[in-house]
>>> print(open('coords-v3.cif').read())   # mmCIF, C-alpha atoms
data_coords
loop_
_atom_site.group_PDB
_atom_site.id
_atom_site.type_symbol
_atom_site.label_atom_id
_atom_site.label_comp_id
_atom_site.auth_asym_id
_atom_site.auth_seq_id
_atom_site.Cartn_x
_atom_site.Cartn_y
_atom_site.Cartn_z
ATOM 1 C CA MET A 23 -216.980 30.651 -130.740
ATOM 2 C CA LYS A 24 -219.247 28.777 -128.341
ATOM 3 C CA THR A 25 -223.008 29.282 -128.349
ATOM 4 C CA SER A 26 -224.769 29.304 -125.006
ATOM 5 C CA LYS A 27 -228.133 27.638 -124.599
ATOM 6 C CA ALA A 28 -229.726 31.080 -124.241
ATOM 7 C CA GLU A 29 -228.499 31.984 -127.717
ATOM 8 C CA VAL A 30 -230.140 29.007 -129.423
ATOM 9 C CA LEU A 31 -233.486 30.011 -130.916
ATOM 10 C CA GLN A 32 -236.496 28.780 -128.997
ATOM 11 C CA GLY A 33 -237.916 25.592 -130.512
ATOM 12 C CA THR A 34 -234.600 24.672 -132.079
ATOM 13 C CA LEU A 35 -233.865 22.077 -129.396
ATOM 14 C CA ASP A 36 -237.036 20.150 -130.272
ATOM 15 C CA LEU A 37 -236.007 20.109 -133.922
ATOM 16 C CA LEU A 38 -232.481 18.922 -133.053
ATOM 17 C CA VAL A 39 -233.759 16.125 -130.805
ATOM 18 C CA LEU A 40 -236.343 14.938 -133.346
ATOM 19 C CA LYS A 41 -233.758 14.940 -136.144
ATOM 20 C CA THR A 42 -231.219 13.097 -133.986
ATOM 21 C CA LEU A 43 -233.741 10.371 -133.178
ATOM 22 C CA GLU A 44 -234.765 10.096 -136.828
ATOM 23 C CA THR A 45 -231.129 9.735 -137.904
ATOM 24 C CA MET A 46 -229.803 7.529 -135.117
ATOM 25 C CA GLY A 47 -232.847 5.574 -133.964
ATOM 26 C CA PRO A 48 -233.662 4.986 -130.280
ATOM 27 C CA MET A 49 -231.191 6.655 -127.911
ATOM 28 C CA HIS A 50 -230.926 7.593 -124.254
ATOM 29 C CA GLY A 51 -230.769 11.246 -123.245
ATOM 30 C CA PHE A 52 -227.019 11.378 -122.694
ATOM 31 C CA GLY A 53 -226.478 9.820 -126.128
ATOM 32 C CA ILE A 54 -228.742 12.430 -127.727
ATOM 33 C CA ALA A 55 -226.776 15.231 -126.051
ATOM 34 C CA LEU A 56 -223.453 13.741 -127.163
ATOM 35 C CA ARG A 57 -224.638 13.303 -130.741
ATOM 36 C CA ILE A 58 -225.827 16.922 -130.988
ATOM 37 C CA GLN A 59 -222.521 18.088 -129.506
ATOM 38 C CA GLN A 60 -220.597 15.911 -131.974
ATOM 39 C CA VAL A 61 -222.548 16.986 -135.073
ATOM 40 C CA SER A 62 -222.352 20.661 -134.048
ATOM 41 C CA GLU A 63 -218.582 20.256 -133.721
ATOM 42 C CA ASP A 64 -218.731 21.142 -130.012
ATOM 43 C CA VAL A 65 -220.631 24.395 -130.527
ATOM 44 C CA LEU A 66 -223.846 23.119 -128.902
ATOM 45 C CA ARG A 67 -223.563 21.481 -125.504
ATOM 46 C CA LEU A 68 -226.766 20.434 -123.791
ATOM 47 C CA ASN A 69 -226.985 19.961 -120.053
ATOM 48 C CA GLN A 70 -229.512 17.836 -118.189
ATOM 49 C CA GLY A 71 -231.495 20.892 -117.114
ATOM 50 C CA THR A 72 -232.076 21.744 -120.760
ATOM 51 C CA LEU A 73 -232.420 18.345 -122.403
ATOM 52 C CA TYR A 74 -234.589 16.328 -120.030
ATOM 53 C CA PRO A 75 -237.439 18.875 -119.762
ATOM 54 C CA ALA A 76 -237.427 19.000 -123.582
ATOM 55 C CA LEU A 77 -237.618 15.192 -123.788
ATOM 56 C CA LEU A 78 -240.525 15.173 -121.330
ATOM 57 C CA ARG A 79 -242.315 17.881 -123.334
ATOM 58 C CA LEU A 80 -241.791 15.981 -126.614
ATOM 59 C CA GLU A 81 -243.105 12.802 -125.013
ATOM 60 C CA GLN A 82 -246.172 14.592 -123.619
ATOM 61 C CA ARG A 83 -246.909 15.926 -127.107
ATOM 62 C CA GLY A 84 -246.726 12.401 -128.498
ATOM 63 C CA TRP A 85 -243.744 13.123 -130.739
ATOM 64 C CA ILE A 86 -241.461 10.628 -128.983
ATOM 65 C CA ASN A 87 -241.913 7.470 -126.894
ATOM 66 C CA SER A 88 -239.702 6.178 -124.130
ATOM 67 C CA LYS A 89 -238.917 2.835 -122.570
ATOM 68 C CA TRP A 90 -236.415 1.674 -120.007
ATOM 69 C CA GLY A 91 -233.427 -0.336 -121.091
ATOM 70 C CA ILE A 92 -229.790 -1.008 -120.265
ATOM 71 C CA SER A 93 -227.069 1.292 -121.618
ATOM 72 C CA ASP A 94 -223.719 0.210 -123.057
ATOM 73 C CA ASN A 95 -222.092 0.685 -119.646
ATOM 74 C CA ASN A 96 -224.685 -1.620 -118.035
ATOM 75 C CA ARG A 97 -226.780 1.109 -116.396
ATOM 76 C CA LYS A 98 -230.540 1.537 -116.446
ATOM 77 C CA ALA A 99 -231.452 4.240 -118.981
ATOM 78 C CA LYS A 100 -234.574 5.609 -120.603
ATOM 79 C CA TYR A 101 -234.452 5.220 -124.388
ATOM 80 C CA TYR A 102 -236.356 7.632 -126.605
ATOM 81 C CA SER A 103 -237.682 6.957 -130.099
ATOM 82 C CA LEU A 104 -239.537 8.980 -132.691
ATOM 83 C CA THR A 105 -243.274 8.378 -133.228
ATOM 84 C CA SER A 106 -245.081 8.791 -136.548
ATOM 85 C CA SER A 107 -246.495 12.040 -135.174
ATOM 86 C CA GLY A 108 -242.922 13.079 -134.340
ATOM 87 C CA ARG A 109 -241.815 12.354 -137.911
ATOM 88 C CA LYS A 110 -244.591 14.597 -139.209
ATOM 89 C CA GLN A 111 -243.655 17.304 -136.723
ATOM 90 C CA LEU A 112 -240.002 17.024 -137.760
ATOM 91 C CA ARG A 113 -240.921 17.570 -141.420
ATOM 92 C CA GLU A 114 -243.035 20.613 -140.518
ATOM 93 C CA GLN A 115 -240.424 22.148 -138.231
ATOM 94 C CA ALA A 116 -237.605 21.525 -140.711
ATOM 95 C CA ALA A 117 -239.595 23.209 -143.485
ATOM 96 C CA GLY A 118 -240.296 26.174 -141.201
ATOM 97 C CA TRP A 119 -236.624 26.373 -140.260
ATOM 98 C CA ASP A 120 -235.576 26.305 -143.931
ATOM 99 C CA GLN A 121 -238.022 29.088 -144.747
ATOM 100 C CA MET A 122 -236.996 31.247 -141.769
ATOM 101 C CA SER A 123 -233.271 30.816 -142.391
ATOM 102 C CA ALA A 124 -233.764 31.766 -146.067
ATOM 103 C CA VAL A 125 -235.589 34.932 -144.995
ATOM 104 C CA ILE A 126 -232.902 35.824 -142.454
ATOM 105 C CA ASN A 127 -230.161 35.227 -145.050
ATOM 106 C CA ARG A 128 -232.011 37.435 -147.524
ATOM 107 C CA VAL A 129 -232.183 40.261 -144.971
ATOM 108 C CA LEU A 130 -228.525 39.861 -143.977
ATOM 109 C CA LYS A 131 -227.382 39.961 -147.606
ATOM 110 C CA ALA A 132 -229.522 42.955 -148.589
ATOM 111 C CA THR A 133 -227.323 45.849 -149.660
ATOM 112 C CA SER A 134 -229.922 48.582 -149.744
#
>>> encode(input="coords-v3.cif", output="structure tokens")
Amino acid sequence: MKTSKAEVLQGTLDLLVLKTLETMGPMHGFGIALRIQQVSEDVLRLNQGTLYPALLRLEQRGWINSKWGISDNNRKAKYYSLTSSGRKQLREQAAGWDQMSAVINRVLKATS
């Protein structure tokens, strides 16, 4: 079963990008999208129209930085990395996600 981008909860993309950068270190946008697709076992597929506005928003909020570099296939690419503010935001969002998913699971498992 494939999940469309409309079905992913709002704010989840930010959490996924921040966690990917924390885990993998600096990456370019296409690499971030591939990593999320890989870890989600092909359930989540991000397109440029979804990912790049999110990266810009995260950078404007100070949660990630970017710098130009050269990709593995010798092309100019913008590399993104997590800031200390982004690490803090990741911890907060992950805790919120854990709490919300526990609540949703509790409701789904309620028998009466």
>>> atom_distance(input="coords-v3.cif", atom1="CA of Gly91 (chain A)", atom2="CA of Gly47 (chain A)")
14.2 Å
>>> residues_around(input="coords-v3.cif", residues="Ile86 (chain A)", least_positions_apart="4", cutoff="9 Å", atoms="all atoms listed in the file", output="count of residues only")
14
>>> atom_distance(input="coords-v3.cif", atom1="CA of Thr34 (chain A)", atom2="CA of Gln115 (chain A)")
8.8 Å
>>> atom_distance(input="coords-v3.cif", atom1="CA of Leu38 (chain A)", atom2="CA of Arg97 (chain A)")
25.0 Å
>>> closest_residue(input="coords-v3.cif", among="A:Gly84, A:Met46, A:Asn69, A:Gln60", to="Gln111 (chain A)", atoms="all atoms listed in the file")
A:Gly84
>>> axis_aligned_box(input="coords-v3.cif", around="region 46-55 of chain A", padding_each_side="8 Å", output="JSON")
{"center_x": -230.1, "center_y": 10.1, "center_z": -128.9, "size_x": 23.2, "size_y": 26.2, "size_z": 28.4}
>>> resolve_selection(input="coords-v3.cif", expression="the PyMOL selection byres ((chain A and resi 74) around 12)", output="list in words")
Leu35, Asp36, Val39, His50, Gly51, Phe52, Ile54, Ala55, Leu68, Asn69, Gln70, Gly71, Thr72, Leu73, Pro75, Ala76, Leu77, Leu78, Arg79, Leu80, Glu81, Lys100, Tyr101 and Tyr102 of chain A
>>> closest_residue(input="coords-v3.cif", among="A:Trp85, A:Gln59, A:Gly33, A:Asn127", to="Arg109 (chain A)", atoms="only C-alpha atoms")
A:Trp85
>>> closest_residue(input="coords-v3.cif", among="A:Met122, A:Leu130, A:Ala99, A:Leu112", to="Leu37 (chain A)", atoms="all atoms listed in the file")
A:Leu112
